[in-house]
>>> print(open('target.cif').read())   # mmCIF, C-alpha atoms and all ligand atoms
data_protein
#
loop_
_atom_site.group_PDB
_atom_site.id
_atom_site.type_symbol
_atom_site.label_atom_id
_atom_site.label_comp_id
_atom_site.auth_asym_id
_atom_site.auth_seq_id
_atom_site.Cartn_x
_atom_site.Cartn_y
_atom_site.Cartn_z
ATOM 1 C CA MET A 3 3.813 4.819 -14.788
ATOM 2 C CA GLU A 4 3.942 8.273 -13.320
ATOM 3 C CA ILE A 5 7.181 8.535 -11.324
ATOM 4 C CA VAL A 6 7.370 11.340 -8.776
ATOM 5 C CA ILE A 7 10.673 11.940 -6.979
ATOM 6 C CA ALA A 8 10.315 14.006 -3.821
ATOM 7 C CA ALA A 9 13.196 15.642 -1.987
ATOM 8 C CA THR A 10 12.441 14.011 1.387
ATOM 9 C CA PRO A 11 10.291 11.200 2.834
ATOM 10 C CA GLU A 12 8.046 13.891 4.387
ATOM 11 C CA ASP A 13 7.486 15.509 0.988
ATOM 12 C CA ALA A 14 6.690 12.086 -0.476
ATOM 13 C CA ALA A 15 4.094 11.485 2.258
ATOM 14 C CA ARG A 16 2.501 14.889 1.599
ATOM 15 C CA LEU A 17 2.269 14.152 -2.122
ATOM 16 C CA VAL A 18 0.511 10.849 -1.487
ATOM 17 C CA ALA A 19 -1.787 12.539 1.039
ATOM 18 C CA ASP A 20 -2.642 15.087 -1.689
ATOM 19 C CA ARG A 21 -3.785 12.267 -3.990
ATOM 20 C CA PHE A 22 -5.951 10.834 -1.212
ATOM 21 C CA GLU A 23 -7.420 14.192 -0.365
ATOM 22 C CA GLN A 24 -8.253 14.937 -4.014
ATOM 23 C CA ALA A 25 -9.942 11.548 -4.498
ATOM 24 C CA VAL A 26 -11.904 11.635 -1.235
ATOM 25 C CA THR A 27 -13.027 15.214 -1.855
ATOM 26 C CA ALA A 28 -13.989 14.532 -5.485
ATOM 27 C CA ALA A 29 -16.081 11.512 -4.453
ATOM 28 C CA GLY A 30 -18.010 13.625 -1.941
ATOM 29 C CA GLU A 31 -21.157 12.018 -0.587
ATOM 30 C CA ASP A 32 -21.041 9.275 -3.240
ATOM 31 C CA GLY A 33 -18.269 7.781 -1.126
ATOM 32 C CA ILE A 34 -15.040 6.121 -2.126
ATOM 33 C CA THR A 35 -13.519 2.712 -1.537
ATOM 34 C CA LEU A 36 -9.952 3.009 -0.328
ATOM 35 C CA GLY A 37 -7.380 0.247 -0.437
ATOM 36 C CA LEU A 38 -5.129 0.546 2.604
ATOM 37 C CA ALA A 39 -1.677 -0.894 3.159
ATOM 38 C CA THR A 40 0.194 -1.576 6.365
ATOM 39 C CA GLY A 41 3.955 -1.642 6.935
ATOM 40 C CA SER A 42 5.978 1.455 7.768
ATOM 41 C CA SER A 43 5.917 3.051 4.278
ATOM 42 C CA PRO A 44 2.423 4.608 4.398
ATOM 43 C CA VAL A 45 2.525 5.642 8.069
ATOM 44 C CA ALA A 46 3.730 9.211 7.402
ATOM 45 C CA THR A 47 0.977 9.597 4.793
ATOM 46 C CA TYR A 48 -1.612 8.401 7.315
ATOM 47 C CA ARG A 49 -0.232 10.851 9.876
ATOM 48 C CA GLU A 50 -0.578 13.703 7.384
ATOM 49 C CA LEU A 51 -4.158 12.667 6.535
ATOM 50 C CA ILE A 52 -5.016 12.554 10.264
ATOM 51 C CA ARG A 53 -3.605 16.076 10.584
ATOM 52 C CA ARG A 54 -5.698 17.285 7.646
ATOM 53 C CA HIS A 55 -8.766 15.649 9.188
ATOM 54 C CA ARG A 56 -8.172 17.342 12.541
ATOM 55 C CA GLU A 57 -6.972 20.722 11.374
ATOM 56 C CA GLU A 58 -8.529 21.172 7.957
ATOM 57 C CA GLY A 59 -11.774 19.212 8.198
ATOM 58 C CA LEU A 60 -10.890 16.541 5.629
ATOM 59 C CA SER A 61 -13.677 13.992 6.100
ATOM 60 C CA PHE A 62 -13.689 10.258 5.470
ATOM 61 C CA ALA A 63 -17.283 9.844 6.634
ATOM 62 C CA HIS A 64 -18.338 8.490 3.231
ATOM 63 C CA ALA A 65 -15.298 6.279 2.701
ATOM 64 C CA ARG A 66 -14.930 2.554 3.210
ATOM 65 C CA ALA A 67 -11.725 0.545 3.123
ATOM 66 C CA PHE A 68 -10.207 -2.836 2.343
ATOM 67 C CA LEU A 69 -6.821 -3.874 3.683
ATOM 68 C CA LEU A 70 -4.346 -5.676 1.455
ATOM 69 C CA ASP A 71 -3.355 -8.515 3.715
ATOM 70 C CA GLU A 72 -3.251 -10.114 7.162
ATOM 71 C CA TYR A 73 -1.101 -12.562 9.104
ATOM 72 C CA VAL A 74 -2.605 -16.027 9.587
ATOM 73 C CA GLY A 75 -2.963 -17.012 13.222
ATOM 74 C CA LEU A 76 -2.451 -13.630 14.939
ATOM 75 C CA PRO A 77 -5.410 -12.616 17.084
ATOM 76 C CA ARG A 78 -7.031 -9.384 15.889
ATOM 77 C CA GLU A 79 -6.099 -7.722 19.209
ATOM 78 C CA HIS A 80 -2.389 -8.485 18.696
ATOM 79 C CA GLU A 81 -0.695 -5.165 18.130
ATOM 80 C CA GLN A 82 1.030 -6.450 14.996
ATOM 81 C CA SER A 83 -2.118 -7.815 13.389
ATOM 82 C CA TYR A 84 -2.900 -5.642 10.394
ATOM 83 C CA PHE A 85 -6.487 -5.345 11.662
ATOM 84 C CA ARG A 86 -5.108 -3.547 14.712
ATOM 85 C CA PHE A 87 -2.217 -1.759 12.966
ATOM 86 C CA ILE A 88 -4.449 0.134 10.541
ATOM 87 C CA ARG A 89 -6.737 1.237 13.378
ATOM 88 C CA ASP A 90 -3.866 2.315 15.615
ATOM 89 C CA GLN A 91 -2.015 4.126 12.838
ATOM 90 C CA PHE A 92 -4.885 5.584 10.849
ATOM 91 C CA THR A 93 -8.561 4.772 10.921
ATOM 92 C CA ALA A 94 -9.223 5.225 14.657
ATOM 93 C CA HIS A 95 -8.084 8.841 14.264
ATOM 94 C CA ILE A 96 -10.377 9.858 11.387
ATOM 95 C CA ASP A 97 -14.143 9.841 10.951
ATOM 96 C CA ILE A 98 -14.440 6.668 8.854
ATOM 97 C CA ASP A 99 -17.049 4.185 10.137
ATOM 98 C CA ASP A 100 -14.944 1.438 11.751
ATOM 99 C CA ALA A 101 -17.369 -1.258 10.565
ATOM 100 C CA THR A 102 -16.466 -0.432 6.959
ATOM 101 C CA VAL A 103 -12.727 -1.008 7.442
ATOM 102 C CA LEU A 104 -12.374 -4.617 6.340
ATOM 103 C CA SER A 105 -9.437 -7.015 6.363
ATOM 104 C CA PRO A 106 -8.907 -10.707 5.620
ATOM 105 C CA ASP A 107 -9.806 -12.993 8.530
ATOM 106 C CA GLY A 108 -6.436 -14.325 9.651
ATOM 107 C CA GLN A 109 -8.055 -16.407 12.376
ATOM 108 C CA ALA A 110 -10.492 -18.273 10.147
ATOM 109 C CA SER A 111 -10.488 -22.051 10.622
ATOM 110 C CA ASP A 112 -10.298 -22.315 6.824
ATOM 111 C CA PRO A 113 -7.968 -19.464 5.725
ATOM 112 C CA LEU A 114 -8.212 -20.341 2.027
ATOM 113 C CA ALA A 115 -12.020 -20.075 2.098
ATOM 114 C CA ALA A 116 -11.704 -16.807 4.035
ATOM 115 C CA ALA A 117 -9.331 -15.503 1.352
ATOM 116 C CA GLN A 118 -11.753 -16.359 -1.443
ATOM 117 C CA GLU A 119 -14.600 -14.778 0.466
ATOM 118 C CA TYR A 120 -12.566 -11.589 0.929
ATOM 119 C CA ASP A 121 -11.814 -11.414 -2.794
ATOM 120 C CA ARG A 122 -15.545 -11.745 -3.483
ATOM 121 C CA ALA A 123 -16.377 -9.037 -0.930
ATOM 122 C CA ILE A 124 -14.069 -6.566 -2.701
ATOM 123 C CA ARG A 125 -15.743 -7.292 -6.038
ATOM 124 C CA GLU A 126 -19.238 -7.102 -4.584
ATOM 125 C CA ALA A 127 -18.403 -3.715 -3.076
ATOM 126 C CA GLY A 128 -17.624 -2.493 -6.596
ATOM 127 C CA GLY A 129 -13.843 -2.714 -6.303
ATOM 128 C CA VAL A 130 -11.230 -0.381 -4.887
ATOM 129 C CA ASP A 131 -11.131 3.195 -6.209
ATOM 130 C CA LEU A 132 -7.758 4.236 -4.808
ATOM 131 C CA GLN A 133 -5.150 1.794 -3.524
ATOM 132 C CA ILE A 134 -2.064 2.803 -1.576
ATOM 133 C CA LEU A 135 0.870 0.383 -1.697
ATOM 134 C CA GLY A 136 4.299 -0.005 -0.176
ATOM 135 C CA ILE A 137 6.906 -2.351 -1.617
ATOM 136 C CA GLY A 138 8.958 -5.047 0.080
ATOM 137 C CA SER A 139 12.730 -5.059 -0.317
ATOM 138 C CA ASN A 140 12.321 -8.125 -2.567
ATOM 139 C CA GLY A 141 9.717 -6.410 -4.744
ATOM 140 C CA HIS A 142 6.599 -7.809 -3.099
ATOM 141 C CA ILE A 143 3.341 -5.880 -2.921
ATOM 142 C CA GLY A 144 0.754 -6.922 -0.367
ATOM 143 C CA PHE A 145 2.386 -10.201 0.561
ATOM 144 C CA ASN A 146 2.796 -11.423 -3.010
ATOM 145 C CA GLU A 147 6.273 -12.843 -2.770
ATOM 146 C CA PRO A 148 8.537 -13.486 -5.790
ATOM 147 C CA ALA A 149 7.096 -16.153 -8.122
ATOM 148 C CA SER A 150 3.521 -15.140 -7.295
ATOM 149 C CA SER A 151 1.262 -15.506 -10.306
ATOM 150 C CA LEU A 152 0.746 -12.131 -11.922
ATOM 151 C CA ALA A 153 -2.950 -13.069 -12.219
ATOM 152 C CA SER A 154 -3.319 -14.321 -8.636
ATOM 153 C CA ARG A 155 -6.403 -13.717 -6.501
ATOM 154 C CA THR A 156 -6.619 -13.368 -2.724
ATOM 155 C CA ARG A 157 -5.116 -16.496 -1.177
ATOM 156 C CA VAL A 158 -2.791 -17.904 1.476
ATOM 157 C CA LYS A 159 0.944 -17.363 0.964
ATOM 158 C CA THR A 160 4.092 -18.447 2.788
ATOM 159 C CA LEU A 161 6.551 -15.636 3.479
ATOM 160 C CA THR A 162 10.145 -15.730 2.305
ATOM 161 C CA ARG A 163 12.875 -15.742 4.919
ATOM 162 C CA ARG A 164 13.827 -12.206 3.808
ATOM 163 C CA THR A 165 10.325 -10.833 4.442
ATOM 164 C CA VAL A 166 10.136 -12.578 7.822
ATOM 165 C CA GLU A 167 13.460 -10.982 8.752
ATOM 166 C CA ASP A 168 12.404 -7.563 7.404
ATOM 167 C CA ASN A 169 9.241 -7.696 9.514
ATOM 168 C CA ALA A 170 10.953 -9.062 12.635
ATOM 169 C CA ARG A 171 11.601 -5.462 13.747
ATOM 170 C CA PHE A 172 7.921 -5.210 14.675
ATOM 171 C CA PHE A 173 8.062 -8.310 16.931
ATOM 172 C CA GLU A 174 10.087 -9.267 20.018
ATOM 173 C CA THR A 175 11.912 -12.058 18.184
ATOM 174 C CA VAL A 176 12.068 -13.299 14.598
ATOM 175 C CA ASP A 177 10.382 -16.545 15.681
ATOM 176 C CA GLU A 178 7.202 -14.645 16.534
ATOM 177 C CA VAL A 179 6.677 -13.451 12.954
ATOM 178 C CA PRO A 180 3.929 -15.549 11.373
ATOM 179 C CA VAL A 181 5.068 -17.284 8.199
ATOM 180 C CA HIS A 182 1.616 -17.617 6.647
ATOM 181 C CA VAL A 183 -0.543 -14.754 5.466
ATOM 182 C CA ILE A 184 -3.693 -14.027 3.506
ATOM 183 C CA THR A 185 -3.006 -11.473 0.783
ATOM 184 C CA GLN A 186 -4.909 -9.898 -2.037
ATOM 185 C CA GLY A 187 -3.480 -11.353 -5.238
ATOM 186 C CA LEU A 188 -1.684 -9.388 -7.929
ATOM 187 C CA GLY A 189 -4.754 -9.751 -10.149
ATOM 188 C CA THR A 190 -6.961 -8.464 -7.323
ATOM 189 C CA ILE A 191 -4.727 -5.469 -6.601
ATOM 190 C CA GLY A 192 -4.535 -4.704 -10.319
ATOM 191 C CA GLU A 193 -8.296 -4.184 -10.447
ATOM 192 C CA ALA A 194 -8.048 -1.059 -8.262
ATOM 193 C CA ARG A 195 -8.945 1.929 -10.428
ATOM 194 C CA ARG A 196 -5.981 4.002 -9.272
ATOM 195 C CA ILE A 197 -2.840 2.952 -7.447
ATOM 196 C CA VAL A 198 -0.298 5.057 -5.582
ATOM 197 C CA LEU A 199 2.842 3.278 -4.391
ATOM 198 C CA ILE A 200 5.129 4.972 -1.900
ATOM 199 C CA ALA A 201 8.717 3.902 -1.252
ATOM 200 C CA THR A 202 11.353 5.711 0.760
ATOM 201 C CA GLY A 203 14.904 4.937 1.823
ATOM 202 C CA GLU A 204 17.942 3.275 0.282
ATOM 203 C CA GLY A 205 16.692 -0.195 1.276
ATOM 204 C CA LYS A 206 13.953 0.019 -1.354
ATOM 205 C CA ALA A 207 16.104 1.391 -4.203
ATOM 206 C CA GLU A 208 16.850 -1.955 -5.820
ATOM 207 C CA ALA A 209 13.247 -3.154 -5.681
ATOM 208 C CA VAL A 210 12.024 0.184 -7.068
ATOM 209 C CA ALA A 211 14.431 -0.012 -10.013
ATOM 210 C CA ALA A 212 13.310 -3.572 -10.785
ATOM 211 C CA MET A 213 9.646 -2.548 -10.545
ATOM 212 C CA VAL A 214 9.941 0.512 -12.801
ATOM 213 C CA GLU A 215 12.733 -0.341 -15.224
ATOM 214 C CA GLY A 216 13.056 -4.123 -15.102
ATOM 215 C CA PRO A 217 11.047 -6.626 -17.098
ATOM 216 C CA VAL A 218 7.502 -7.532 -16.044
ATOM 217 C CA SER A 219 8.288 -10.640 -14.095
ATOM 218 C CA ALA A 220 6.888 -12.702 -11.247
ATOM 219 C CA PHE A 221 10.387 -12.473 -9.796
ATOM 220 C CA CYS A 222 9.619 -8.824 -8.982
ATOM 221 C CA PRO A 223 5.866 -8.953 -8.258
ATOM 222 C CA ALA A 224 5.538 -5.140 -8.180
ATOM 223 C CA SER A 225 6.624 -5.031 -11.842
ATOM 224 C CA VAL A 226 3.077 -6.146 -12.737
ATOM 225 C CA LEU A 227 2.099 -2.522 -12.051
ATOM 226 C CA GLN A 228 3.685 -1.666 -15.418
ATOM 227 C CA MET A 229 0.534 -3.206 -16.915
ATOM 228 C CA HIS A 230 -1.786 -0.867 -14.989
ATOM 229 C CA PRO A 231 -2.832 2.350 -16.735
ATOM 230 C CA THR A 232 -3.047 4.641 -13.702
ATOM 231 C CA VAL A 233 -0.186 4.037 -11.295
ATOM 232 C CA THR A 234 1.778 6.748 -9.529
ATOM 233 C CA VAL A 235 5.056 5.811 -7.852
ATOM 234 C CA VAL A 236 6.107 8.354 -5.230
ATOM 235 C CA LEU A 237 9.729 8.103 -4.083
ATOM 236 C CA ASP A 238 12.234 10.018 -2.039
ATOM 237 C CA GLU A 239 15.722 10.604 -3.422
ATOM 238 C CA ALA A 240 17.154 7.521 -1.664
ATOM 239 C CA ALA A 241 14.517 5.143 -3.038
ATOM 240 C CA ALA A 242 15.016 6.658 -6.515
ATOM 241 C CA SER A 243 18.809 6.368 -6.361
ATOM 242 C CA ARG A 244 19.058 3.208 -8.504
ATOM 243 C CA LEU A 245 16.787 4.407 -11.322
ATOM 244 C CA ARG A 246 18.690 4.731 -14.601
ATOM 245 C CA ASP A 247 16.313 7.299 -16.080
ATOM 246 C CA ALA A 248 15.668 9.448 -13.006
ATOM 247 C CA ASP A 249 16.510 12.651 -14.916
ATOM 248 C CA TYR A 250 13.817 11.890 -17.465
ATOM 249 C CA TYR A 251 11.223 11.320 -14.712
ATOM 250 C CA ARG A 252 12.210 14.640 -13.123
ATOM 251 C CA TYR A 253 11.891 16.377 -16.479
ATOM 252 C CA ILE A 254 8.380 14.934 -16.985
ATOM 253 C CA GLN A 255 7.449 16.068 -13.478
ATOM 254 C CA GLU A 256 8.601 19.618 -14.251
ATOM 255 C CA GLU A 257 6.664 19.590 -17.529
ATOM 256 C CA ARG A 258 3.531 18.511 -15.651
ATOM 257 C CA HIS A 259 3.940 21.376 -13.193
ATOM 258 C CA ARG A 260 4.582 23.834 -16.021
ATOM 259 C CA LEU A 261 1.417 22.730 -17.856
ATOM 260 C CA ALA A 262 -0.639 22.896 -14.667
ATOM 261 C CA ARG A 263 0.311 26.551 -14.128
HETATM 262 C C1 LIG B 301 4.911 -5.693 4.410
HETATM 263 C C2 LIG B 301 3.479 -5.568 3.864
HETATM 264 C C3 LIG B 301 3.449 -4.759 2.590
HETATM 265 C C4 LIG B 301 4.461 -3.648 2.724
HETATM 266 C C5 LIG B 301 5.838 -4.209 2.711
HETATM 267 C C6 LIG B 301 6.925 -3.196 3.049
HETATM 268 O O1 LIG B 301 5.269 -6.902 4.876
HETATM 269 N N1 LIG B 301 2.769 -6.774 3.659
HETATM 270 O O2 LIG B 301 2.141 -4.284 2.346
HETATM 271 O O3 LIG B 301 4.350 -2.747 1.650
HETATM 272 O O4 LIG B 301 5.933 -5.375 3.500
HETATM 273 O O5 LIG B 301 6.942 -2.884 4.389
HETATM 274 P P1 LIG B 301 7.564 -1.552 4.966
HETATM 275 O O6 LIG B 301 6.710 -0.447 4.426
HETATM 276 O O7 LIG B 301 7.457 -1.662 6.455
HETATM 277 O O8 LIG B 301 8.949 -1.475 4.463
#
>>> encode(input="target.cif", output="structure tokens", more="lines below")
Ligand code: GLP
Amino acid sequence: MEIVIAATPEDAARLVADRFEQAVTAAGEDGITLGLATGSSPVATYRELIRRHREEGLSFAHARAFLLDEYVGLPREHEQSYFRFIRDQFTAHIDIDDATVLSPDGQASDPLAAAQEYDRAIREAGGVDLQILGIGSNGHIGFNEPASSLASRTRVKTLTRRTVEDNARFFETVDEVPVHVITQGLGTIGEARRIVLIATGEGKAEAVAAMVEGPVSAFCPASVLQMHPTVTVVLDEAAASRLRDADYYRYIQEERHRLAR
């Protein structure tokens, strides 16, 4: 894993935006398939990419996108549906074709079939080239809660009480948070060619340490990323504060900069 420790959350967002910009620019007219995440973690990155689109001409015209997950039962128009969230926070403000921004169908009468269909659609599109991820305070990625199979495919999951409570801040009351979701599985996410995970703030420090330095374990679903050859974890100081080997990661970062000069 490449571990990058930024001084501030804003610096972390800029670093992730750099990775996006490089990938989108390198793909050019061939196009790129982006994997987009919701939650608060990537929002500053999206804001920076919108700025680069508006002020610097960064174009997403040849990009398409797959979302990680969706609540079951929330209408698409609900402002907390991930279908709506990604449009409000990102894709409505760039030049990506809206019809190519896909998400699991949380309103399907058969959510399990919809999940399997979504998994197939990602494969048929040739897979995700660059996936952005956040991490839940219990180590989940997407909505793969602890004890998720490390080989899981897109399916229906039931949220833990902790995740429901973490996400209650987006709703009027905790009772409004849906408890069922469709999420890309850990096996599905792991097929993305490159992954960038962003985590900021003290609240993520424990999960980050378990992901990077703990054993690969379904108890910390994000730890499966240790098995992926091209993962970058971008942190701010607070999210990195529980890492035992932070000095080593900083040293590697400096070496990389030195070699790039
Ligand atoms: C959410 C999403 C994840 C996200 C995580 C952390 O529930 N399903 O994709 O990474 O939990 O959320 P936040 O970034 O708001 O802390």
>>> closest_residue(input="target.cif", among="A:Ile143, A:Leu17, A:Ala29, A:Ala262", to="ligand LIG 301 (chain B)", atoms="only C-alpha atoms and all ligand atoms")
A:Ile143
>>> residues_near_ligand(input="target.cif", ligand="ligand LIG 301 (chain B)", cutoff="7 Å", atoms="all atoms listed in the file", output="NGL selection string")
:A and (39-44 or 70-71 or 135-139 or 142-145 or 165 or 169)
>>> atom_distance(input="target.cif", atom1="CA of Gly192 in chain A", atom2="CA of Leu38 in chain A")
14.0 Å
>>> residues_around(input="target.cif", residues="Ala110 in chain A", least_positions_apart="2", cutoff="12 Å", atoms="only C-alpha atoms", output="list in words")
Glu72, Tyr73, Val74, Gly75, Leu76, Pro77, Arg78, Ser105, Pro106, Asp107, Gly108, Asp112, Pro113, Leu114, Ala115, Ala116, Ala117, Gln118, Glu119, Tyr120, Val158, Val183 and Ile184 of chain A
>>> residues_around(input="target.cif", residues="Val6 in chain A", least_positions_apart="6", cutoff="8 Å", atoms="all atoms listed in the file", output="list in words")
Thr234, Val235, Val236, Leu237, Tyr251, Arg252 and Gln255 of chain A
>>> atom_distance(input="target.cif", atom1="CA of Asp168 in chain A", atom2="CA of Gln82 in chain A")
13.7 Å
>>> resolve_selection(input="target.cif", expression="the PyMOL selection byres (((chain A and resi 97) around 10) and not hetatm)", output="MDAnalysis selection string")
chainID A and resid 52 55:56 60:65 93:96 98:100
>>> atom_distance(input="target.cif", atom1="CA of Ala67 in chain A", atom2="CA of Gln91 in chain A")
14.2 Å
>>> closest_residue(input="target.cif", among="A:Gly141, A:Pro180, A:Pro231, A:Gly203", to="Lys159 in chain A", atoms="all atoms listed in the file")
A:Pro180
>>> resolve_selection(input="target.cif", expression="the PyMOL selection byres (((chain A and resi 160) around 6) and not hetatm)", output="number ranges by chain")
A: 159, 161, 181-182
>>> axis_aligned_box(input="target.cif", around="range 105-124 of chain A", padding_each_side="8 Å", output="lines of an AutoDock Vina configuration file")
center_x = -11.4
center_y = -14.4
center_z = 4.4
size_x = 25.9
size_y = 31.7
size_z = 31.9
>>> resolve_selection(input="target.cif", expression="the PyMOL selection byres (((chain A and resi 246) around 8) and not hetatm)", output="PyMOL selection string")
chain A and resi 211+215+244-245+247-248
>>> residues_around(input="target.cif", residues="Gly189 in chain A", least_positions_apart="5", cutoff="6 Å", atoms="all atoms listed in the file", output="ChimeraX atom specification")
/A:153-155
>>> closest_residue(input="target.cif", among="A:Val103, A:Val26, A:Val18, A:Met3", to="Ala201 in chain A", atoms="only C-alpha atoms")
A:Val18
>>> residues_near_point(input="target.cif", point="(-3.0, 0.6, -15.5)", cutoff="10 Å", atoms="all atoms listed in the file", output="VMD selection string")
chain A and resid 3 192 to 197 226 to 234
>>> closest_residue(input="target.cif", among="A:Val130, A:Gly216, A:Glu147, A:Ile200", to="Asp13 in chain A", atoms="all atoms listed in the file")
A:Ile200
>>> closest_residue(input="target.cif", among="A:Thr47, A:Thr10, A:Thr102, A:Thr185", to="Ile34 in chain A", atoms="only C-alpha atoms")
A:Thr102
